[in-house]
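Working notes for the structure below.
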Amino acid sequence: MTSTTPFQAADAAPPSRWTARDGAAHYGLPGWGAGYFDADDAGRVVVRPDQRPDRSAALDDVLAELARRGVTPPILIRFPQILEHRAGVIRGAFDRAISDAGYRGRYTCVYPVKVNQHRGVLERISALAPALGLGLEAGSKAELIAVLAATADTPGTPIICNGFKDDECLDLIVLAAAMGRPITPIIERRAELDAALRLSDARRVDVALGLRLKLASPGAGRWQASGGLGSKFGLFVAEAADAARDLIHAGLGRRLTVLHSHIGSQIADLGAVRRAARELARVAVELRRLGASITTLDLGGGLGVDYDGGADGPTSIGYTADEYARALVDETRAVFDDAGEPHPDLITESGRALVAHESVLVTDVVGVSAHAPAPTGPDIAGAGASTLAPLRDLARLAERPPGDDPAGALRRALDARDALTGAFTAGRANLADRALGDRLFRVAGLSAVDALTRTGADPPDADRLADLLFDLYFCNFSIFQSLPDLWALGQRFPACPLTRLDERPTRRAVLCDMTCDSDGEMRSFPGPAGVGGGLMLHEPRPGAPYRVGVFLVGAYQEILGDLHNLFGDPGAAHVTIDDAGRAVIEEVIPGDSADDALRLVGHD
């Protein structure tokens, strides 16, 4: 392990002034933490399940309680109280928007179970459904079976069925309707409409129907391709109009009750939401005039999660839940008022916003691969007097701060390093020159990267800089299992150490997982501690655990993971926090053993 140097300082403030509040701001907790995660005065990350400062617990204490039960990282900690609070936040936002606008329709928040199908999540949402007006959405036969089971005690929970539906799936929907379940299949293709009518007629059950539209209004953000005209699901407006006319001519217009659209998950631009709501409302008005009984608009997903803590980017949002609700309510009300039509009920499928905050992945740092020590003063002086121009340049850059142009200083340091490497290859520099040049480059490069990240800018050529400058912190987990969107989509997740936030971090690091795949790394992080320049961390202490939490992983990450290198699911714990701030372990779910993973691929 190498010693730290003044060139690796995380901030310009003197060390004596670094406090837990500095650490919280440095890692961006006041932004992406959204009131659910913060730091206490001892520098520990705390969880506040309902955003109340008087009810909080340190994650380090939660881990200590789990350790007493023999449960150690890597572990996924789920906080069901956060899910409950998130449901209340979304419900409250729409209640206020409806009241303020004088809107005369009702609102239902429907949870798409594809976001996280774990039984505990579905059962909690079902239990909250009567009080908060929640529903569930299924996109496959298996998901529908899980939803029907999870809502057995709350059979009035609304159920929406999206996705590709064959005859077997449609017949299951018809049977659920025959049981009295409030279930609506959303027709994605014309063939589904014909099959749904045939099967419901055969069982003599009137099933309410919905149509999904491909809107011309584009989405905005990383996942916009899942909606709009390029979506693989839904009907073009002309197809939807033809389907509605056929239903009306057959005397079945009363059964067409829902009009649905989806412009993409994690919508960053509220303007895109407004345009889509207006277009969907206009189509609904026209279908009503044809004779369809459109009572409900399902505006799909889109309510975003602020993964970046307020930074401008595809995994951040520039609006609140209240502003999102007002946009949908106001646009819908305006269109229906202009047409003189009654206001429809509203549905959103805000799965990501419901469950992302609920889960935290905790992993141990199990090893560090650090760069060589920084050069001493005599080393720098000797390099400054060298006959090799690249070595002299690196010495000058290492001695002085990067000034007002850290990107330019970084480019000059890279150029000098490349020139020195070329001189070594050509035999004009020896091994000692090359090694000293690399150490000087690291001092100059880290100084420039620190200056850039303090401004919130991504360093140029970030991947190469990570290879040349940053330490490797090996963590006991698999990115492919626990953070698949990081690998597949380049999504950034907030991360920070769970303790020592009252100490200045001094090492700029890449988090490496335990797989033997070079893609198993976290190099880019939101917040001032990261941006594109790795993550500032502390030097681990011998014999003491150093644990890192990765946050906002409750949406998709728990269900999309794979078995790369046969790393199975980590263990999970369901934890609540009582009024006294004590962690209560509600349930522990063991992780997959090596034997479990081997059986999944056919080995005994």
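Going through the structure tokens in order, the chains are called A, B, and so on, while each chain numbers its residues from 1 and the ligands are numbered from 1 in the order shown.
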For the contact check between range 381-439 of chain A and range 465-477 of chain A, emit one row per residue of range 381-439 of chain A within 10 Å, containing the shortest atom pair and the distance in Å rounded to one decimal, counting only C-alpha atoms, chain then rising number order, as CSV.
```
residue,atom,partner,partner_atom,distance
A:Leu410,CA,A:Leu465,CA,9.5
A:Leu414,CA,A:Leu465,CA,9.0
A:Asp438,CA,A:Leu468,CA,8.5
A:Arg439,CA,A:Leu469,CA,9.3
```
Could you take the residues named above and write them with N, CA and C atoms, as a CSV table (one decimal), in the first residue's frame?
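Saved the output as part_29.csv:
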```csv
chain,number,residue,atom,x,y,z
A,410,LEU,N,-3.7,18.3,-18.3
A,410,LEU,CA,-3.8,16.9,-18.4
A,410,LEU,C,-3.3,16.4,-19.8
A,414,LEU,N,-0.2,13.9,-20.6
A,414,LEU,CA,-0.3,12.7,-21.4
A,414,LEU,C,0.6,12.7,-22.6
A,438,ASP,N,6.7,7.8,-15.2
A,438,ASP,CA,5.4,7.3,-14.9
A,438,ASP,C,4.9,7.9,-13.5
A,439,ARG,N,5.8,7.9,-12.6
A,439,ARG,CA,5.4,8.4,-11.2
A,439,ARG,C,5.2,9.9,-11.3
```
Determine, using only C-alpha atoms, which residues of range 343-413 of chain A have any atom at most 12 Å from an atom of range 304-328 of chain A, and tabulate each with its shortest atom pair and distance in Å to one decimal place, rows ordered by chain and then rising number, as CSV.
```
residue,atom,partner,partner_atom,distance
A:Pro344,CA,A:Leu328,CA,11.9
A:Asp345,CA,A:Leu328,CA,11.5
A:Leu346,CA,A:Leu328,CA,8.8
A:Ile347,CA,A:Leu328,CA,10.1
A:Thr348,CA,A:Leu328,CA,9.5
A:Glu349,CA,A:Gly304,CA,11.4
A:Ser350,CA,A:Gly304,CA,8.3
A:Gly351,CA,A:Gly304,CA,9.6
A:Arg352,CA,A:Val305,CA,7.0
A:Ala353,CA,A:Val305,CA,5.7
A:Leu354,CA,A:Val305,CA,9.2
A:Val355,CA,A:Val305,CA,9.8
A:Ala356,CA,A:Val305,CA,7.5
A:His357,CA,A:Val305,CA,8.6
```
Include N, CA and C atoms and write out the residues we just selected as a tab-separated table (two decimals), in the first residue's frame.
```tsv
chain	number	residue	atom	x	y	z
A	344	PRO	N	-60.95	11.80	-17.51
A	344	PRO	CA	-60.73	10.36	-17.29
A	344	PRO	C	-59.93	10.10	-16.02
A	345	ASP	N	-59.98	8.88	-15.53
A	345	ASP	CA	-59.06	8.45	-14.48
A	345	ASP	C	-57.66	8.35	-15.07
A	346	LEU	N	-56.65	8.45	-14.21
A	346	LEU	CA	-55.26	8.44	-14.67
A	346	LEU	C	-54.50	7.29	-14.01
A	347	ILE	N	-53.64	6.68	-14.79
A	347	ILE	CA	-52.71	5.65	-14.30
A	347	ILE	C	-51.31	6.04	-14.74
A	348	THR	N	-50.34	5.86	-13.85
A	348	THR	CA	-48.93	5.85	-14.27
A	348	THR	C	-48.31	4.54	-13.79
A	349	GLU	N	-47.29	4.10	-14.50
A	349	GLU	CA	-46.59	2.86	-14.15
A	349	GLU	C	-45.19	3.22	-13.66
A	350	SER	N	-45.15	3.79	-12.47
A	350	SER	CA	-43.91	4.39	-11.95
A	350	SER	C	-43.12	3.39	-11.12
A	351	GLY	N	-42.68	2.30	-11.75
A	351	GLY	CA	-41.98	1.26	-11.02
A	351	GLY	C	-40.61	1.67	-10.52
A	352	ARG	N	-39.81	2.30	-11.37
A	352	ARG	CA	-38.46	2.69	-10.96
A	352	ARG	C	-38.51	3.65	-9.77
A	353	ALA	N	-39.41	4.63	-9.85
A	353	ALA	CA	-39.50	5.62	-8.78
A	353	ALA	C	-40.00	5.02	-7.48
A	354	LEU	N	-40.73	3.91	-7.57
A	354	LEU	CA	-41.23	3.24	-6.37
A	354	LEU	C	-40.13	2.47	-5.63
A	355	VAL	N	-39.31	1.72	-6.35
A	355	VAL	CA	-38.46	0.73	-5.67
A	355	VAL	C	-36.96	0.97	-5.77
A	356	ALA	N	-36.51	1.93	-6.55
A	356	ALA	CA	-35.05	2.09	-6.72
A	356	ALA	C	-34.35	2.37	-5.40
A	357	HIS	N	-34.93	3.25	-4.56
A	357	HIS	CA	-34.26	3.65	-3.33
A	357	HIS	C	-34.26	2.56	-2.26
```
message: Let's see if you can do this: from backbone DSSP, list all strand (DSSP E or B) residues in range 163-284 of chain A, as a list in words.
response: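 Of range 163-284 of chain A, the ones in strand (DSSP E or B) are Ile183, Thr184, Pro185, Ile186, Ile187, Leu209, Gly210, Leu211, Arg212, Leu213, Trp223, Leu235, Leu256, Thr257, Val258, Leu259, His260, Ser261 and Ser265 of chain A.
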task: Rank A:Arg454, A:His85, A:Arg68, A:Arg547 by their smallest atom-to-atom distance to Arg48 in chain A, using only C-alpha atoms, and report the top residue only.
output: A:His85
task: Name all residues at most 10 Å from Pro342 in chain A (count only C-alpha atoms; drop same-chain ones fewer than 3 positions away) and give them as a PyMOL selection string.
output: chain A and resi 103-105+285+295+333+336-337+339+345
- request: Taking the DSSP assignment computed from this structure's backbone, write out as a ChimeraX atom specification all residues of range 284-394 of chain A that belong to alpha helix (DSSP H).
  value: /A:284-290,321-339,351-355,377-384,389-394
query: Taking only C-alpha atoms into account, which of A:Pro401, A:Phe493, A:Ser200, A:Leu144 comes nearest Asp167 in chain A?
result: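 Using only C-alpha atoms, the shortest distance to Asp167 in chain A belongs to A:Ser200.
Closest approach to Lys214 in chain A among A:Ser478, A:Thr499, A:Ser261, A:Gln51 is made by A:Ser261 (distances from only C-alpha atoms).
Closest approach to Leu397 in chain A among A:Thr363, A:Ser447, A:Ser593, A:Asn430 is made by A:Ser447 (distances from only C-alpha atoms).
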Non-local contacts of range 120-123 of chain A (12 Å; only C-alpha atoms; under 4 positions in same chain excluded) as a short mmCIF file (atom, residue, chain, number, x, y, z; two decimals) with all heavy atoms, in the first residue's frame:
```cif
data_model
loop_
_atom_site.label_atom_id
_atom_site.label_comp_id
_atom_site.auth_asym_id
_atom_site.auth_seq_id
_atom_site.Cartn_x
_atom_site.Cartn_y
_atom_site.Cartn_z
N ARG A 78 -32.57 -4.54 1.90
CA ARG A 78 -33.80 -3.92 1.43
C ARG A 78 -34.50 -3.25 2.61
O ARG A 78 -34.62 -3.85 3.69
CB ARG A 78 -34.73 -4.96 0.80
CG ARG A 78 -34.12 -5.70 -0.37
CD ARG A 78 -35.15 -6.61 -1.05
NE ARG A 78 -34.55 -7.40 -2.12
CZ ARG A 78 -34.50 -8.73 -2.11
NH1 ARG A 78 -35.03 -9.41 -1.12
NH2 ARG A 78 -33.94 -9.37 -3.12
N PHE A 79 -34.99 -2.05 2.38
CA PHE A 79 -35.69 -1.29 3.40
C PHE A 79 -37.14 -1.10 2.95
O PHE A 79 -37.45 -0.13 2.24
CB PHE A 79 -35.01 0.06 3.64
CG PHE A 79 -33.61 -0.05 4.19
CD1 PHE A 79 -32.51 0.05 3.35
CD2 PHE A 79 -33.39 -0.28 5.54
CE1 PHE A 79 -31.22 -0.06 3.84
CE2 PHE A 79 -32.10 -0.40 6.05
CZ PHE A 79 -31.01 -0.29 5.20
N PRO A 80 -38.05 -2.00 3.34
CA PRO A 80 -39.42 -1.90 2.85
C PRO A 80 -40.12 -0.61 3.25
O PRO A 80 -41.04 -0.17 2.56
CB PRO A 80 -40.10 -3.12 3.49
CG PRO A 80 -39.20 -3.57 4.59
CD PRO A 80 -37.84 -3.18 4.19
N GLN A 81 -39.68 0.02 4.34
CA GLN A 81 -40.31 1.29 4.73
C GLN A 81 -40.05 2.38 3.69
O GLN A 81 -40.87 3.29 3.53
CB GLN A 81 -39.78 1.72 6.10
CG GLN A 81 -40.26 0.83 7.24
CD GLN A 81 -39.39 1.03 8.47
OE1 GLN A 81 -38.15 0.94 8.41
NE2 GLN A 81 -40.03 1.30 9.61
N ILE A 82 -38.90 2.29 2.99
CA ILE A 82 -38.64 3.28 1.94
C ILE A 82 -39.63 3.10 0.81
O ILE A 82 -40.17 4.07 0.26
CB ILE A 82 -37.18 3.17 1.44
CG1 ILE A 82 -36.21 3.60 2.55
CG2 ILE A 82 -36.97 4.02 0.19
CD1 ILE A 82 -34.75 3.55 2.14
N LEU A 83 -39.90 1.84 0.43
CA LEU A 83 -40.89 1.59 -0.62
C LEU A 83 -42.24 2.17 -0.21
O LEU A 83 -42.91 2.83 -1.02
CB LEU A 83 -41.00 0.09 -0.87
CG LEU A 83 -41.86 -0.36 -2.06
CD1 LEU A 83 -41.42 -1.73 -2.54
CD2 LEU A 83 -43.34 -0.42 -1.72
N GLU A 84 -42.64 1.94 1.02
CA GLU A 84 -43.92 2.47 1.49
C GLU A 84 -43.94 4.00 1.42
O GLU A 84 -44.94 4.60 1.02
CB GLU A 84 -44.18 2.00 2.92
CG GLU A 84 -44.35 0.50 3.06
CD GLU A 84 -44.40 0.04 4.49
OE1 GLU A 84 -44.55 0.92 5.38
OE2 GLU A 84 -44.29 -1.17 4.75
N VAL A 110 -49.64 2.24 -10.72
CA VAL A 110 -49.52 0.81 -11.02
C VAL A 110 -48.04 0.44 -11.06
O VAL A 110 -47.23 1.11 -11.72
CB VAL A 110 -50.21 0.48 -12.36
CG1 VAL A 110 -49.84 -0.93 -12.82
CG2 VAL A 110 -51.72 0.61 -12.22
N TYR A 111 -47.68 -0.62 -10.35
CA TYR A 111 -46.29 -1.06 -10.28
C TYR A 111 -46.03 -2.15 -11.31
O TYR A 111 -46.63 -3.24 -11.25
CB TYR A 111 -45.97 -1.60 -8.88
CG TYR A 111 -44.61 -2.24 -8.79
CD1 TYR A 111 -43.45 -1.48 -8.91
CD2 TYR A 111 -44.47 -3.61 -8.60
CE1 TYR A 111 -42.20 -2.05 -8.85
CE2 TYR A 111 -43.22 -4.20 -8.53
CZ TYR A 111 -42.08 -3.41 -8.65
OH TYR A 111 -40.84 -3.99 -8.59
N PRO A 112 -45.16 -1.91 -12.31
CA PRO A 112 -44.78 -2.97 -13.27
C PRO A 112 -43.84 -3.96 -12.60
O PRO A 112 -42.72 -3.60 -12.24
CB PRO A 112 -44.08 -2.21 -14.40
CG PRO A 112 -44.24 -0.75 -14.08
CD PRO A 112 -44.48 -0.65 -12.62
N VAL A 113 -44.27 -5.19 -12.46
CA VAL A 113 -43.50 -6.13 -11.65
C VAL A 113 -42.18 -6.51 -12.30
O VAL A 113 -41.29 -7.04 -11.62
CB VAL A 113 -44.33 -7.38 -11.30
CG1 VAL A 113 -45.60 -6.99 -10.56
CG2 VAL A 113 -44.65 -8.20 -12.52
N LYS A 114 -42.00 -6.24 -13.61
CA LYS A 114 -40.71 -6.54 -14.25
C LYS A 114 -39.57 -5.78 -13.59
O LYS A 114 -38.41 -6.17 -13.68
CB LYS A 114 -40.76 -6.19 -15.73
CG LYS A 114 -40.88 -4.69 -16.02
CD LYS A 114 -40.90 -4.37 -17.50
CE LYS A 114 -41.02 -2.88 -17.75
NZ LYS A 114 -41.09 -2.55 -19.17
N VAL A 115 -39.88 -4.67 -12.92
CA VAL A 115 -38.84 -3.84 -12.29
C VAL A 115 -38.17 -4.60 -11.15
O VAL A 115 -36.97 -4.48 -10.92
CB VAL A 115 -39.46 -2.52 -11.79
CG1 VAL A 115 -38.42 -1.67 -11.09
CG2 VAL A 115 -40.06 -1.75 -12.96
N ASN A 116 -38.94 -5.41 -10.44
CA ASN A 116 -38.42 -6.24 -9.36
C ASN A 116 -39.54 -7.19 -8.95
O ASN A 116 -40.49 -6.79 -8.28
CB ASN A 116 -37.96 -5.39 -8.18
CG ASN A 116 -37.22 -6.20 -7.12
OD1 ASN A 116 -37.46 -7.38 -6.95
ND2 ASN A 116 -36.32 -5.54 -6.40
N ALA A 127 -50.35 -5.08 -0.15
CA ALA A 127 -50.87 -4.71 1.17
C ALA A 127 -51.17 -3.21 1.24
O ALA A 127 -52.09 -2.78 1.95
CB ALA A 127 -49.86 -5.10 2.25
N LEU A 128 -50.38 -2.40 0.52
CA LEU A 128 -50.59 -0.95 0.52
C LEU A 128 -51.69 -0.52 -0.44
O LEU A 128 -52.17 0.61 -0.37
CB LEU A 128 -49.30 -0.24 0.12
CG LEU A 128 -48.11 -0.37 1.07
CD1 LEU A 128 -46.85 0.14 0.39
CD2 LEU A 128 -48.37 0.39 2.36
N ALA A 129 -52.10 -1.42 -1.35
CA ALA A 129 -53.01 -1.04 -2.44
C ALA A 129 -54.31 -0.42 -1.96
O ALA A 129 -54.72 0.63 -2.49
CB ALA A 129 -53.28 -2.26 -3.33
N LEU A 134 -53.02 1.57 -5.15
CA LEU A 134 -51.97 1.02 -5.99
C LEU A 134 -52.51 -0.12 -6.83
O LEU A 134 -53.50 -0.77 -6.48
CB LEU A 134 -50.80 0.51 -5.14
CG LEU A 134 -50.10 1.53 -4.24
CD1 LEU A 134 -49.01 0.84 -3.44
CD2 LEU A 134 -49.53 2.67 -5.05
N GLY A 135 -51.84 -0.39 -7.94
CA GLY A 135 -52.15 -1.53 -8.78
C GLY A 135 -50.88 -2.23 -9.18
O GLY A 135 -49.77 -1.79 -8.86
N LEU A 136 -51.01 -3.34 -9.91
CA LEU A 136 -49.87 -4.12 -10.37
C LEU A 136 -50.00 -4.37 -11.86
O LEU A 136 -51.10 -4.51 -12.39
CB LEU A 136 -49.78 -5.45 -9.63
CG LEU A 136 -49.41 -5.37 -8.14
CD1 LEU A 136 -49.67 -6.69 -7.44
CD2 LEU A 136 -47.95 -4.97 -7.97
N GLU A 137 -48.85 -4.42 -12.54
CA GLU A 137 -48.81 -4.67 -13.98
C GLU A 137 -47.96 -5.90 -14.23
O GLU A 137 -46.88 -6.06 -13.66
CB GLU A 137 -48.23 -3.47 -14.72
CG GLU A 137 -48.15 -3.64 -16.23
CD GLU A 137 -46.82 -4.23 -16.71
OE1 GLU A 137 -45.85 -4.27 -15.92
OE2 GLU A 137 -46.77 -4.66 -17.88
N ALA A 138 -48.46 -6.79 -15.10
CA ALA A 138 -47.73 -8.01 -15.46
C ALA A 138 -47.46 -8.00 -16.97
O ALA A 138 -48.33 -7.60 -17.75
CB ALA A 138 -48.53 -9.25 -15.08
N GLU A 143 -45.43 -13.69 -14.68
CA GLU A 143 -45.66 -12.50 -13.86
C GLU A 143 -47.13 -12.38 -13.46
O GLU A 143 -47.46 -12.00 -12.33
CB GLU A 143 -45.22 -11.24 -14.61
CG GLU A 143 -43.71 -11.10 -14.69
CD GLU A 143 -43.27 -9.80 -15.34
OE1 GLU A 143 -44.12 -9.08 -15.92
OE2 GLU A 143 -42.07 -9.49 -15.28
N LEU A 144 -48.03 -12.72 -14.38
CA LEU A 144 -49.46 -12.63 -14.06
C LEU A 144 -49.82 -13.62 -12.95
O LEU A 144 -50.59 -13.30 -12.04
CB LEU A 144 -50.30 -12.89 -15.31
CG LEU A 144 -51.82 -12.86 -15.12
CD1 LEU A 144 -52.27 -11.56 -14.45
CD2 LEU A 144 -52.53 -13.05 -16.45
N ILE A 145 -49.28 -14.83 -13.01
CA ILE A 145 -49.54 -15.80 -11.95
C ILE A 145 -49.03 -15.27 -10.61
O ILE A 145 -49.70 -15.37 -9.57
CB ILE A 145 -48.89 -17.15 -12.30
CG1 ILE A 145 -49.61 -17.77 -13.50
CG2 ILE A 145 -48.92 -18.10 -11.11
CD1 ILE A 145 -48.88 -18.95 -14.11
N ALA A 146 -47.82 -14.66 -10.62
CA ALA A 146 -47.26 -14.10 -9.38
C ALA A 146 -48.14 -12.96 -8.86
O ALA A 146 -48.38 -12.85 -7.64
CB ALA A 146 -45.84 -13.58 -9.64
N VAL A 147 -48.65 -12.12 -9.75
CA VAL A 147 -49.50 -11.01 -9.35
C VAL A 147 -50.82 -11.52 -8.76
O VAL A 147 -51.30 -11.02 -7.73
CB VAL A 147 -49.76 -10.08 -10.55
CG1 VAL A 147 -50.93 -9.13 -10.27
CG2 VAL A 147 -48.51 -9.27 -10.88
N LEU A 148 -51.43 -12.51 -9.40
CA LEU A 148 -52.68 -13.06 -8.89
C LEU A 148 -52.48 -13.66 -7.49
O LEU A 148 -53.34 -13.53 -6.62
CB LEU A 148 -53.24 -14.11 -9.85
CG LEU A 148 -53.73 -13.57 -11.21
CD1 LEU A 148 -54.06 -14.72 -12.15
CD2 LEU A 148 -54.95 -12.66 -11.02
N ALA A 149 -51.34 -14.31 -7.28
CA ALA A 149 -51.06 -14.88 -5.96
C ALA A 149 -50.81 -13.79 -4.93
O ALA A 149 -51.31 -13.85 -3.81
CB ALA A 149 -49.85 -15.81 -6.05
N ALA A 150 -50.03 -12.77 -5.31
CA ALA A 150 -49.68 -11.71 -4.36
C ALA A 150 -50.90 -10.90 -3.94
O ALA A 150 -50.90 -10.29 -2.86
CB ALA A 150 -48.62 -10.79 -4.97
N THR A 151 -51.93 -10.84 -4.78
CA THR A 151 -53.12 -10.04 -4.48
C THR A 151 -54.29 -10.89 -3.98
O THR A 151 -55.43 -10.44 -3.97
CB THR A 151 -53.56 -9.24 -5.72
OG1 THR A 151 -53.78 -10.17 -6.82
CG2 THR A 151 -52.51 -8.23 -6.13
N ALA A 152 -54.01 -12.12 -3.56
CA ALA A 152 -55.08 -13.00 -3.10
C ALA A 152 -55.86 -12.39 -1.93
O ALA A 152 -57.08 -12.56 -1.83
CB ALA A 152 -54.51 -14.36 -2.70
N ASP A 153 -55.16 -11.67 -1.05
CA ASP A 153 -55.83 -11.06 0.10
C ASP A 153 -56.37 -9.67 -0.20
O ASP A 153 -57.06 -9.08 0.62
CB ASP A 153 -54.85 -10.97 1.28
CG ASP A 153 -54.46 -12.35 1.81
OD1 ASP A 153 -55.27 -13.28 1.67
OD2 ASP A 153 -53.34 -12.48 2.33
N THR A 154 -56.02 -9.12 -1.36
CA THR A 154 -56.54 -7.81 -1.78
C THR A 154 -57.06 -7.94 -3.20
O THR A 154 -56.49 -7.36 -4.14
CB THR A 154 -55.44 -6.72 -1.69
OG1 THR A 154 -54.29 -7.17 -2.44
CG2 THR A 154 -55.04 -6.46 -0.25
N THR A 157 -57.33 -5.18 -6.06
CA THR A 157 -56.18 -4.48 -6.62
C THR A 157 -56.25 -4.48 -8.15
O THR A 157 -56.32 -5.56 -8.76
CB THR A 157 -54.87 -5.15 -6.17
OG1 THR A 157 -54.81 -5.17 -4.74
CG2 THR A 157 -53.66 -4.41 -6.72
N GLY A 351 -42.68 2.30 -11.75
CA GLY A 351 -41.98 1.26 -11.02
C GLY A 351 -40.61 1.67 -10.52
O GLY A 351 -40.26 1.43 -9.36
N LEU A 354 -40.73 3.91 -7.57
CA LEU A 354 -41.23 3.24 -6.37
C LEU A 354 -40.13 2.47 -5.63
O LEU A 354 -40.03 2.55 -4.40
CB LEU A 354 -42.36 2.28 -6.73
CG LEU A 354 -43.79 2.82 -6.71
CD1 LEU A 354 -44.76 1.76 -7.24
CD2 LEU A 354 -44.20 3.21 -5.29
N VAL A 355 -39.31 1.72 -6.35
CA VAL A 355 -38.46 0.73 -5.67
C VAL A 355 -36.96 0.97 -5.77
O VAL A 355 -36.20 0.27 -5.10
CB VAL A 355 -38.78 -0.70 -6.19
CG1 VAL A 355 -40.23 -1.06 -5.92
CG2 VAL A 355 -38.43 -0.85 -7.65
N ALA A 356 -36.51 1.93 -6.55
CA ALA A 356 -35.05 2.09 -6.72
C ALA A 356 -34.35 2.37 -5.40
O ALA A 356 -33.28 1.81 -5.10
CB ALA A 356 -34.75 3.21 -7.72
N GLU A 358 -35.10 1.55 -2.43
CA GLU A 358 -35.32 0.58 -1.36
C GLU A 358 -34.10 -0.27 -1.06
O GLU A 358 -33.89 -0.68 0.09
CB GLU A 358 -36.49 -0.34 -1.74
CG GLU A 358 -36.83 -1.34 -0.66
CD GLU A 358 -37.63 -2.53 -1.16
OE1 GLU A 358 -37.45 -2.93 -2.33
OE2 GLU A 358 -38.41 -3.06 -0.38
N SER A 359 -33.24 -0.54 -2.03
CA SER A 359 -32.17 -1.54 -1.87
C SER A 359 -30.79 -0.91 -1.94
O SER A 359 -30.54 -0.02 -2.77
CB SER A 359 -32.30 -2.62 -2.95
OG SER A 359 -33.53 -3.29 -2.84
N GLY A 554 -32.60 -0.89 -6.37
CA GLY A 554 -33.80 -1.69 -6.22
C GLY A 554 -34.58 -1.91 -7.50
O GLY A 554 -35.42 -2.81 -7.57
N ALA A 555 -34.32 -1.11 -8.53
CA ALA A 555 -35.05 -1.23 -9.80
C ALA A 555 -34.20 -1.97 -10.82
O ALA A 555 -33.10 -1.52 -11.17
CB ALA A 555 -35.41 0.16 -10.34
N GLU A 558 -31.78 -6.23 -9.32
CA GLU A 558 -31.93 -7.48 -8.57
C GLU A 558 -32.45 -8.62 -9.45
O GLU A 558 -32.34 -9.79 -9.09
CB GLU A 558 -32.89 -7.27 -7.40
CG GLU A 558 -32.39 -6.30 -6.36
CD GLU A 558 -33.36 -6.18 -5.20
OE1 GLU A 558 -33.84 -7.23 -4.73
OE2 GLU A 558 -33.64 -5.05 -4.78
N ALA A 572 -29.59 -11.51 0.96
CA ALA A 572 -30.42 -10.32 1.10
C ALA A 572 -31.01 -10.29 2.49
O ALA A 572 -31.23 -11.34 3.12
CB ALA A 572 -31.53 -10.30 0.05
N ALA A 573 -31.26 -9.08 2.98
CA ALA A 573 -31.90 -8.91 4.28
C ALA A 573 -32.95 -7.83 4.18
O ALA A 573 -32.73 -6.79 3.54
CB ALA A 573 -30.86 -8.52 5.34
N HIS A 574 -34.12 -8.09 4.78
CA HIS A 574 -35.19 -7.10 4.86
C HIS A 574 -35.10 -6.45 6.24
O HIS A 574 -35.20 -7.14 7.27
CB HIS A 574 -36.55 -7.75 4.66
CG HIS A 574 -36.72 -8.33 3.29
ND1 HIS A 574 -37.83 -9.04 2.91
CD2 HIS A 574 -35.91 -8.32 2.20
CE1 HIS A 574 -37.72 -9.44 1.65
NE2 HIS A 574 -36.54 -9.01 1.21
N GLU A 586 -36.03 -8.19 9.67
CA GLU A 586 -37.30 -8.87 9.45
C GLU A 586 -37.11 -10.24 8.79
O GLU A 586 -37.83 -11.19 9.09
CB GLU A 586 -38.22 -8.00 8.57
CG GLU A 586 -38.52 -6.63 9.14
CD GLU A 586 -39.54 -6.67 10.27
OE1 GLU A 586 -40.12 -7.73 10.49
OE2 GLU A 586 -39.73 -5.62 10.91
N GLU A 587 -36.17 -10.32 7.88
CA GLU A 587 -35.97 -11.58 7.15
C GLU A 587 -34.56 -11.58 6.56
O GLU A 587 -34.04 -10.54 6.14
CB GLU A 587 -37.00 -11.71 6.02
CG GLU A 587 -36.92 -13.02 5.25
CD GLU A 587 -37.96 -13.12 4.14
OE1 GLU A 587 -38.65 -12.11 3.86
OE2 GLU A 587 -38.08 -14.21 3.53
N VAL A 588 -33.95 -12.74 6.55
CA VAL A 588 -32.65 -12.94 5.89
C VAL A 588 -32.82 -14.02 4.84
O VAL A 588 -33.33 -15.11 5.12
CB VAL A 588 -31.56 -13.32 6.90
CG1 VAL A 588 -30.26 -13.68 6.16
CG2 VAL A 588 -31.30 -12.20 7.88
N ILE A 589 -32.40 -13.72 3.62
CA ILE A 589 -32.50 -14.66 2.52
C ILE A 589 -31.08 -15.06 2.13
O ILE A 589 -30.30 -14.21 1.68
CB ILE A 589 -33.23 -14.04 1.31
CG1 ILE A 589 -34.62 -13.56 1.74
CG2 ILE A 589 -33.32 -15.02 0.15
CD1 ILE A 589 -35.31 -12.69 0.72
#
```
- request: Using only C-alpha atoms, find the one residue out of A:Val283, A:His260, A:Pro74, A:Asp95 that sits nearest to Leu299 in chain A.
  value: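 Of A:Val283, A:His260, A:Pro74, A:Asp95, the one nearest Leu299 in chain A is A:His260, counting only C-alpha atoms.
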- request: Please identify all polymer residues within 6 Å of Thr332 in chain A, counting only C-alpha atoms, omitting same-chain residues fewer than 3 positions from it, and present them as a PyMOL selection string.
  value: chain A and resi 281+329+335
Next, dump the selected residues to file, keeping only C-alpha atoms, as an mmCIF file, in the first residue's frame.
```cif
data_model
loop_
_atom_site.group_PDB
_atom_site.id
_atom_site.type_symbol
_atom_site.label_atom_id
_atom_site.label_comp_id
_atom_site.auth_asym_id
_atom_site.auth_seq_id
_atom_site.Cartn_x
_atom_site.Cartn_y
_atom_site.Cartn_z
ATOM 1 C CA ALA A 281 -55.504 12.869 -24.386
ATOM 2 C CA VAL A 329 -52.908 16.359 -14.726
ATOM 3 C CA VAL A 335 -57.527 18.772 -23.523
#
```
